[in-house]
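Asks: I am attaching a structure below and will ask some questions about it afterwards.
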Amino acid sequence: MTTLIDTPGDLTAPTELPARPAAVGVLMARPTYFDVEYVINPYMEGNIGNVDQAKAMAQWQRLHDVYQSLGYEVHVIDGAEGLPDLVFIANQSFPAQMPDGSWAVVMSRMRSAHRRGEVPIVEAWYRGRDARTLRLADPKEEFEGCGDCRWHPNRRLIYGGYGFRTLRSSLRDLAEMLETPVVPLQLTDPGFYHLDTCLSPLTETAALVVEEAFEPEGLAMLEKAFPQLVRVPVEEARHGFATNGNCPDGKHFVVHYDNPVTIAAVKALGLEVIEVDTSEFLKSGGSVFCMTMMLP
């Protein structure tokens with residue numbers, strides 16, 4: 001039975017785990033109705049009705065074009081009225097290639113009632129492409145997809161954040177459903193309510209982390225998993241969402257531009273950094289990774 005890995009001593013070196021194919025596509029959701037209409041995270045405070053929609057659309061289009069320039073086919077879901085956060089497409093699902101080579105998608109159950117209507121829209125898109133959609137055993141179990149679960153680059157190992165939006169018990173269900181080990185990581189700071197705000201895997205050996213967001217035990221797990229674990233300044237993580245960048249291919253790191261220390265550290269690892277402006281989306285607590293779903 002595949003389950004959770006709770007101590008560094010139980011964690012096999014990720015490079016010795018089964019390989020996982022690279023992503024071949026990207027899913028995004030057009031921000032047609034994007035705005036801050038409610039407050040469900042600290043970044044939304046004071047920003048209700050404060051989004052420049054034209055600027056947000058231009059920023060989204062730039063990110064879309066970056067992925068195309070990297071050779072990915074970019075699929076787009078249209079925005080939906082009444083669901084301003086649908087644009088944060090990382091949250092509603094968790095795609096995975098199964099051990100038998102088929103692909104499936106575990107659908108989320110969003111903690112906030114404001115966002116639950118997003119999930120059926122994303123699920124319908126997957127079903128239209130013949131993906132097998134799955135749900136956790138407990139229909140009331142909170143789980144927020146790639147917002148809280150990150151794959152180890154190229155390997156069948158999942159890091160799962162819990163404590164604010166996702167329940168620890170859902171990570172156990174995920175491990176068993178996907179026949180893949182999960183490293184549970186308790187999040188401790190409400191400013192880093194999703195794992196994708198404080199952990200950004202780059203390559204099989206390198207990742208960015210906000211150490212202030214984790215318990216010491218969780219940080220020790222990440223140190224074991226990534227020999228090159230780069231600490232991100234907490235202020236860049238809070239104000240520039242530096243750890244919400246995305247490294248889709250182990251070569252390029254797409255990130256909000258206003259993060260000089262983090263950008264320099266990533267370049268020192270030998271990656272090419274592509275800077276984009278996501279300032280309108282920061283008002284709602286999201287940036288590059290939140291706006292991106294890598295598809296198997």
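Here, A, B, ... name the chains of the structure tokens in the order displayed, residue numbers run from 1 inside each chain, and ligands are numbered from 1 in the same displayed order.
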Can you pull out the residues contacting region 74-91 of chain A? Cut-off 8 Å, using only C-alpha atoms, and skip same-chain residues under 6 positions away; I want them as a PyMOL selection string.

Replies: chain A and resi 25-37+64+67-68+108+114-115+117-118+122+125+144-148+286+289-293

Asks: Go ahead and write the selection's residues with C-alpha atoms as a PDB file, in the first residue's frame.

Replies:
```
ATOM      1  CA  GLY A  25       0.913  20.842 -22.639  1.00  0.00           C
ATOM      2  CA  VAL A  26      -0.342  23.732 -20.556  1.00  0.00           C
ATOM      3  CA  LEU A  27      -3.867  24.574 -19.447  1.00  0.00           C
ATOM      4  CA  MET A  28      -4.843  28.163 -18.639  1.00  0.00           C
ATOM      5  CA  ALA A  29      -8.140  29.929 -17.899  1.00  0.00           C
ATOM      6  CA  ARG A  30      -8.849  33.279 -19.516  1.00  0.00           C
ATOM      7  CA  PRO A  31      -9.309  36.023 -16.873  1.00  0.00           C
ATOM      8  CA  THR A  32     -12.408  37.486 -18.521  1.00  0.00           C
ATOM      9  CA  TYR A  33     -14.151  37.960 -15.164  1.00  0.00           C
ATOM     10  CA  PHE A  34     -11.107  38.194 -12.937  1.00  0.00           C
ATOM     11  CA  ASP A  35     -11.381  40.598 -10.007  1.00  0.00           C
ATOM     12  CA  VAL A  36     -11.127  40.575  -6.233  1.00  0.00           C
ATOM     13  CA  GLU A  37     -14.733  40.117  -5.099  1.00  0.00           C
ATOM     14  CA  HIS A  64       0.291  32.454 -22.357  1.00  0.00           C
ATOM     15  CA  TYR A  67       4.580  28.976 -22.743  1.00  0.00           C
ATOM     16  CA  GLN A  68       3.930  28.899 -26.469  1.00  0.00           C
ATOM     17  CA  SER A 108     -10.416  19.153  -5.915  1.00  0.00           C
ATOM     18  CA  HIS A 114     -16.788  30.947  -3.389  1.00  0.00           C
ATOM     19  CA  ARG A 115     -14.596  28.666  -5.497  1.00  0.00           C
ATOM     20  CA  GLY A 117     -18.227  26.187  -8.814  1.00  0.00           C
ATOM     21  CA  GLU A 118     -14.886  26.230 -10.634  1.00  0.00           C
ATOM     22  CA  VAL A 122     -12.468  22.204 -15.199  1.00  0.00           C
ATOM     23  CA  TRP A 125     -12.793  20.142 -19.903  1.00  0.00           C
ATOM     24  CA  GLU A 144      -6.893  21.941  -3.543  1.00  0.00           C
ATOM     25  CA  GLY A 145      -5.083  20.177  -6.348  1.00  0.00           C
ATOM     26  CA  CYS A 146      -1.768  21.524  -7.610  1.00  0.00           C
ATOM     27  CA  GLY A 147      -2.119  24.456  -5.259  1.00  0.00           C
ATOM     28  CA  ASP A 148      -1.062  22.105  -2.475  1.00  0.00           C
ATOM     29  CA  GLY A 286      -1.638  34.285  -7.128  1.00  0.00           C
ATOM     30  CA  PHE A 289       2.268  28.804 -11.089  1.00  0.00           C
ATOM     31  CA  CYS A 290      -1.267  29.478  -9.850  1.00  0.00           C
ATOM     32  CA  MET A 291      -2.213  30.508 -13.405  1.00  0.00           C
ATOM     33  CA  THR A 292      -0.712  27.401 -15.001  1.00  0.00           C
ATOM     34  CA  MET A 293      -1.597  23.711 -15.185  1.00  0.00           C
TER      35      MET A 293
END
```

Asks: When DSSP is applied to the backbone of this structure, which of region 67-242 of chain A are assigned helix (DSSP H, G or I)? Write them out as a ChimeraX atom specification.

Replies: /A:67-69,84-87,113-115,118-127,145-148,168-178,190-192,195-197,211-213,216-225,234-240,242

Asks: If you count only C-alpha atoms, which residues fall within 9 Å of Leu167 (chain A), apart from same-chain ones fewer than 5 positions away, as a PyMOL selection string?

Replies: chain A and resi 141-143+161-162

Asks: What's around region 230-242 of chain A at 10 Å? Count only C-alpha atoms, leave out sequence neighbours fewer than 6 positions away in its own chain, and write the answer as a PyMOL selection string.

Replies: chain A and resi 43+191-192+196-200+206-213+223+254-263+265-266+269+277-279+282-283+285-289

Asks: Okay, now the selection with N, CA, C and O atoms, as a short mmCIF file (atom, residue, chain, number, x, y, z; two decimals), in the first residue's frame?

Replies:
```
data_model
loop_
_atom_site.label_atom_id
_atom_site.label_comp_id
_atom_site.auth_asym_id
_atom_site.auth_seq_id
_atom_site.Cartn_x
_atom_site.Cartn_y
_atom_site.Cartn_z
N TYR A 43 -3.81 38.41 1.00
CA TYR A 43 -3.45 39.32 -0.08
C TYR A 43 -4.67 40.03 -0.66
O TYR A 43 -4.53 41.10 -1.28
N GLY A 191 0.17 33.41 5.40
CA GLY A 191 0.59 34.08 4.17
C GLY A 191 1.05 33.12 3.10
O GLY A 191 1.14 33.47 1.93
N PHE A 192 1.31 31.88 3.53
CA PHE A 192 1.71 30.81 2.60
C PHE A 192 0.72 29.67 2.76
O PHE A 192 1.02 28.60 3.27
N ASP A 196 2.20 25.87 -3.22
CA ASP A 196 2.81 26.52 -4.39
C ASP A 196 3.20 27.98 -4.15
O ASP A 196 3.74 28.63 -5.03
N THR A 197 2.94 28.48 -2.94
CA THR A 197 3.42 29.82 -2.58
C THR A 197 4.76 29.77 -1.86
O THR A 197 5.38 30.82 -1.64
N CYS A 198 5.20 28.58 -1.46
CA CYS A 198 6.41 28.50 -0.63
C CYS A 198 7.38 27.38 -1.02
O CYS A 198 8.43 27.23 -0.40
N LEU A 199 7.05 26.59 -2.05
CA LEU A 199 7.96 25.56 -2.56
C LEU A 199 7.86 25.55 -4.08
O LEU A 199 6.77 25.43 -4.63
N SER A 200 9.02 25.65 -4.73
CA SER A 200 9.05 25.61 -6.18
C SER A 200 10.15 24.66 -6.65
O SER A 200 11.32 25.04 -6.73
N ALA A 206 17.26 20.45 -7.33
CA ALA A 206 17.19 21.84 -6.86
C ALA A 206 15.75 22.31 -6.71
O ALA A 206 14.87 21.94 -7.50
N ALA A 207 15.52 23.13 -5.68
CA ALA A 207 14.20 23.71 -5.45
C ALA A 207 14.36 25.02 -4.69
O ALA A 207 15.37 25.25 -4.01
N LEU A 208 13.34 25.86 -4.79
CA LEU A 208 13.26 27.08 -3.99
C LEU A 208 12.30 26.83 -2.83
O LEU A 208 11.26 26.18 -3.01
N VAL A 209 12.62 27.38 -1.67
CA VAL A 209 11.78 27.16 -0.50
C VAL A 209 11.74 28.41 0.36
O VAL A 209 12.72 29.18 0.42
N VAL A 210 10.61 28.63 1.01
CA VAL A 210 10.47 29.66 2.04
C VAL A 210 10.51 28.92 3.37
O VAL A 210 9.52 28.32 3.79
N GLU A 211 11.65 28.94 4.05
CA GLU A 211 11.78 28.11 5.24
C GLU A 211 10.83 28.52 6.35
O GLU A 211 10.41 27.69 7.17
N GLU A 212 10.44 29.81 6.38
CA GLU A 212 9.53 30.28 7.43
C GLU A 212 8.13 29.68 7.31
O GLU A 212 7.33 29.79 8.25
N ALA A 213 7.82 29.07 6.18
CA ALA A 213 6.47 28.53 5.95
C ALA A 213 6.28 27.12 6.48
O ALA A 213 5.16 26.61 6.49
N GLU A 223 15.17 19.18 2.61
CA GLU A 223 16.63 19.15 2.53
C GLU A 223 17.13 17.79 2.07
O GLU A 223 18.12 17.69 1.33
N VAL A 254 9.96 30.66 -15.06
CA VAL A 254 9.08 31.80 -15.36
C VAL A 254 8.60 32.36 -14.03
O VAL A 254 8.02 31.63 -13.20
N VAL A 255 8.80 33.66 -13.80
CA VAL A 255 8.54 34.21 -12.48
C VAL A 255 8.20 35.70 -12.59
O VAL A 255 8.61 36.39 -13.53
N HIS A 256 7.44 36.19 -11.61
CA HIS A 256 7.16 37.62 -11.52
C HIS A 256 8.48 38.38 -11.43
O HIS A 256 9.41 37.97 -10.72
N TYR A 257 8.56 39.51 -12.10
CA TYR A 257 9.84 40.18 -12.32
C TYR A 257 10.48 40.77 -11.06
O TYR A 257 11.71 40.91 -10.99
N ASP A 258 9.74 41.12 -10.06
CA ASP A 258 10.25 41.94 -8.95
C ASP A 258 10.83 41.08 -7.82
O ASP A 258 10.42 41.19 -6.66
N ASN A 259 11.79 40.21 -8.17
CA ASN A 259 12.39 39.28 -7.21
C ASN A 259 13.89 39.14 -7.47
O ASN A 259 14.35 38.06 -7.83
N PRO A 260 14.68 40.19 -7.27
CA PRO A 260 16.08 40.17 -7.71
C PRO A 260 16.94 39.11 -7.04
O PRO A 260 17.80 38.50 -7.71
N VAL A 261 16.77 38.89 -5.75
CA VAL A 261 17.61 37.91 -5.06
C VAL A 261 17.31 36.50 -5.56
O VAL A 261 18.21 35.72 -5.87
N THR A 262 16.02 36.18 -5.66
CA THR A 262 15.62 34.85 -6.14
C THR A 262 16.05 34.64 -7.58
O THR A 262 16.56 33.56 -7.94
N ILE A 263 15.87 35.63 -8.41
CA ILE A 263 16.24 35.51 -9.82
C ILE A 263 17.73 35.26 -9.96
O ILE A 263 18.17 34.40 -10.75
N ALA A 265 19.66 33.84 -7.77
CA ALA A 265 19.95 32.49 -7.27
C ALA A 265 19.60 31.43 -8.31
O ALA A 265 20.34 30.45 -8.48
N VAL A 266 18.50 31.62 -9.01
CA VAL A 266 18.10 30.65 -10.03
C VAL A 266 19.07 30.69 -11.21
O VAL A 266 19.45 29.64 -11.75
N LEU A 269 22.09 28.68 -10.66
CA LEU A 269 21.91 27.24 -10.83
C LEU A 269 22.00 26.82 -12.30
O LEU A 269 21.96 25.63 -12.61
N ASP A 277 5.22 40.08 -15.68
CA ASP A 277 4.53 40.94 -14.73
C ASP A 277 3.17 40.31 -14.40
O ASP A 277 2.34 40.13 -15.28
N THR A 278 2.98 39.96 -13.13
CA THR A 278 1.68 39.40 -12.69
C THR A 278 1.09 40.26 -11.58
O THR A 278 0.35 39.76 -10.73
N SER A 279 1.40 41.55 -11.59
CA SER A 279 1.02 42.42 -10.47
C SER A 279 -0.47 42.46 -10.20
O SER A 279 -0.90 42.57 -9.04
N LEU A 282 -1.34 39.31 -8.25
CA LEU A 282 -0.84 39.30 -6.87
C LEU A 282 -1.90 39.87 -5.91
O LEU A 282 -1.94 39.49 -4.74
N LYS A 283 -2.74 40.75 -6.39
CA LYS A 283 -3.78 41.35 -5.55
C LYS A 283 -4.76 40.30 -5.04
O LYS A 283 -5.45 40.51 -4.04
N GLY A 285 -3.66 37.05 -4.60
CA GLY A 285 -2.88 35.99 -3.96
C GLY A 285 -2.40 34.91 -4.91
O GLY A 285 -2.27 33.75 -4.52
N GLY A 286 -2.12 35.28 -6.17
CA GLY A 286 -1.64 34.28 -7.13
C GLY A 286 -0.67 34.89 -8.12
O GLY A 286 -0.63 36.10 -8.31
N SER A 287 0.12 34.01 -8.74
CA SER A 287 1.08 34.45 -9.75
C SER A 287 1.25 33.35 -10.78
O SER A 287 0.28 32.65 -11.11
N VAL A 288 2.45 33.17 -11.28
CA VAL A 288 2.70 32.33 -12.45
C VAL A 288 2.21 30.90 -12.28
O VAL A 288 1.45 30.38 -13.12
N PHE A 289 2.65 30.21 -11.22
CA PHE A 289 2.27 28.80 -11.09
C PHE A 289 0.77 28.66 -10.88
O PHE A 289 0.14 27.74 -11.43
#
```

Asks: Write out as a PyMOL selection string each polymer residue whose atoms come within 12 Å of Pro18 (chain A), counting only C-alpha atoms; drop sequence neighbours fewer than 6 positions from it.

Replies: chain A and resi 12+97-99+152-157+179-181

Asks: Nearest residue to Lys55 (chain A) out of A:Ala96, A:Glu280, A:Gly71, A:Pro14, using only C-alpha atoms?

Replies: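 Closest to Lys55 (chain A), using only C-alpha atoms: A:Glu280.
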
Asks: According to DSSP computed on the backbone, where in region 30-254 of chain A is there strand (DSSP E or B)? Give the residues as a ChimeraX atom specification.

Replies: /A:73-77,93-97,103-107,109,132-134,143,149-151,155,158-162,182-187,199-201,206-209,214,228-231,246,252-254

Asks: Could you write those residues out with N, CA and C atoms, as a compact mmCIF listing (two decimals), in the first residue's frame?

Replies:
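What follows is the written file result.txt:
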```txt
# COMPACT_ATOMS: atom_id res chain seq x y z
N GLU A 73 1.89 23.32 -26.24
CA GLU A 73 0.55 23.62 -26.72
C GLU A 73 -0.24 24.16 -25.54
N VAL A 74 -0.80 25.36 -25.68
CA VAL A 74 -1.52 25.99 -24.58
C VAL A 74 -3.02 25.87 -24.84
N HIS A 75 -3.70 25.17 -23.94
CA HIS A 75 -5.15 25.03 -24.00
C HIS A 75 -5.78 26.08 -23.10
N VAL A 76 -6.92 26.61 -23.50
CA VAL A 76 -7.53 27.71 -22.76
C VAL A 76 -8.99 27.39 -22.43
N ILE A 77 -9.33 27.53 -21.15
CA ILE A 77 -10.71 27.47 -20.70
C ILE A 77 -11.22 28.91 -20.60
N SER A 93 -7.59 20.89 -9.68
CA SER A 93 -7.34 19.50 -10.08
C SER A 93 -5.87 19.14 -9.87
N PHE A 94 -5.60 17.83 -9.97
CA PHE A 94 -4.22 17.33 -9.89
C PHE A 94 -4.06 16.22 -10.92
N PRO A 95 -3.49 16.53 -12.09
CA PRO A 95 -3.32 15.50 -13.13
C PRO A 95 -2.13 14.59 -12.81
N ALA A 96 -2.25 13.35 -13.25
CA ALA A 96 -1.18 12.38 -13.00
C ALA A 96 -1.19 11.32 -14.09
N GLN A 97 0.00 10.88 -14.46
CA GLN A 97 0.09 9.68 -15.28
C GLN A 97 0.16 8.49 -14.36
N TRP A 103 -3.62 8.34 -18.16
CA TRP A 103 -3.60 9.53 -17.33
C TRP A 103 -4.96 9.79 -16.72
N ALA A 104 -4.91 10.30 -15.52
CA ALA A 104 -6.10 10.56 -14.74
C ALA A 104 -5.95 11.90 -14.04
N VAL A 105 -7.06 12.42 -13.56
CA VAL A 105 -7.06 13.71 -12.88
C VAL A 105 -7.86 13.60 -11.59
N VAL A 106 -7.24 13.94 -10.47
CA VAL A 106 -7.95 13.98 -9.20
C VAL A 106 -8.54 15.37 -9.05
N MET A 107 -9.85 15.44 -8.92
CA MET A 107 -10.53 16.73 -8.82
C MET A 107 -10.52 17.22 -7.36
N ARG A 109 -11.76 19.52 -3.96
CA ARG A 109 -12.90 20.08 -3.24
C ARG A 109 -12.39 21.33 -2.54
N ARG A 132 -9.54 10.35 -17.35
CA ARG A 132 -10.30 9.70 -16.27
C ARG A 132 -10.26 10.62 -15.06
N THR A 133 -11.42 11.09 -14.62
CA THR A 133 -11.46 11.99 -13.48
C THR A 133 -11.79 11.20 -12.21
N LEU A 134 -11.07 11.51 -11.15
CA LEU A 134 -11.20 10.80 -9.87
C LEU A 134 -11.52 11.78 -8.76
N PHE A 143 -9.31 19.44 -0.49
CA PHE A 143 -8.11 19.13 -1.28
C PHE A 143 -8.06 20.14 -2.41
N CYS A 149 -0.22 20.40 -3.99
CA CYS A 149 0.55 19.20 -4.33
C CYS A 149 1.47 19.48 -5.50
N ARG A 150 2.74 19.16 -5.32
CA ARG A 150 3.75 19.38 -6.36
C ARG A 150 4.47 18.07 -6.63
N TRP A 151 4.68 17.77 -7.90
CA TRP A 151 5.48 16.61 -8.28
C TRP A 151 6.96 16.92 -8.12
N ARG A 155 10.02 12.58 -11.48
CA ARG A 155 9.96 11.38 -10.64
C ARG A 155 8.56 11.21 -10.05
N ILE A 158 5.33 12.90 -4.75
CA ILE A 158 4.49 14.09 -4.59
C ILE A 158 4.78 14.74 -3.25
N TYR A 159 4.88 16.06 -3.26
CA TYR A 159 4.94 16.84 -2.02
C TYR A 159 3.55 17.44 -1.79
N GLY A 160 3.01 17.22 -0.60
CA GLY A 160 1.66 17.69 -0.31
C GLY A 160 1.62 18.64 0.87
N GLY A 161 1.16 19.86 0.65
CA GLY A 161 1.01 20.82 1.73
C GLY A 161 -0.36 20.67 2.38
N TYR A 162 -0.39 20.86 3.68
CA TYR A 162 -1.68 20.78 4.38
C TYR A 162 -1.68 21.76 5.56
N VAL A 182 3.65 10.15 -1.09
CA VAL A 182 3.44 11.57 -0.84
C VAL A 182 4.20 11.97 0.42
N VAL A 183 4.92 13.08 0.32
CA VAL A 183 5.60 13.67 1.47
C VAL A 183 4.70 14.76 2.03
N PRO A 184 4.08 14.57 3.21
CA PRO A 184 3.20 15.60 3.77
C PRO A 184 4.01 16.71 4.43
N LEU A 185 3.65 17.94 4.15
CA LEU A 185 4.37 19.10 4.67
C LEU A 185 3.36 20.06 5.30
N GLN A 186 3.45 20.22 6.60
CA GLN A 186 2.51 21.11 7.29
C GLN A 186 2.91 22.56 7.07
N LEU A 187 1.95 23.36 6.63
CA LEU A 187 2.18 24.79 6.42
C LEU A 187 1.78 25.54 7.68
N LEU A 199 7.05 26.59 -2.05
CA LEU A 199 7.96 25.56 -2.56
C LEU A 199 7.86 25.55 -4.08
N SER A 200 9.02 25.65 -4.73
CA SER A 200 9.05 25.61 -6.18
C SER A 200 10.15 24.66 -6.65
N PRO A 201 9.82 23.40 -6.95
CA PRO A 201 10.82 22.49 -7.51
C PRO A 201 11.31 23.00 -8.86
N ALA A 206 17.26 20.45 -7.33
CA ALA A 206 17.19 21.84 -6.86
C ALA A 206 15.75 22.31 -6.71
N ALA A 207 15.52 23.13 -5.68
CA ALA A 207 14.20 23.71 -5.45
C ALA A 207 14.36 25.02 -4.69
N LEU A 208 13.34 25.86 -4.79
CA LEU A 208 13.26 27.08 -3.99
C LEU A 208 12.30 26.83 -2.83
N VAL A 209 12.62 27.38 -1.67
CA VAL A 209 11.78 27.16 -0.50
C VAL A 209 11.74 28.41 0.36
N PHE A 214 7.39 26.46 6.95
CA PHE A 214 7.34 25.03 7.27
C PHE A 214 7.74 24.76 8.72
N GLN A 228 20.20 20.75 -3.49
CA GLN A 228 20.35 22.19 -3.74
C GLN A 228 19.03 22.88 -3.38
N LEU A 229 18.81 23.05 -2.09
CA LEU A 229 17.59 23.69 -1.61
C LEU A 229 17.91 25.15 -1.32
N VAL A 230 17.37 26.04 -2.14
CA VAL A 230 17.69 27.46 -2.08
C VAL A 230 16.63 28.19 -1.26
N ARG A 231 17.07 28.87 -0.20
CA ARG A 231 16.16 29.67 0.63
C ARG A 231 15.82 30.97 -0.09
N ASN A 246 7.38 29.11 -12.06
CA ASN A 246 7.21 27.76 -12.61
C ASN A 246 8.40 27.39 -13.48
N HIS A 252 14.04 26.43 -17.84
CA HIS A 252 13.53 27.79 -17.79
C HIS A 252 12.73 27.99 -16.50
N PHE A 253 12.83 29.17 -15.92
CA PHE A 253 12.06 29.52 -14.73
C PHE A 253 11.28 30.79 -15.04
N VAL A 254 9.96 30.66 -15.06
CA VAL A 254 9.08 31.80 -15.36
C VAL A 254 8.60 32.36 -14.03
```
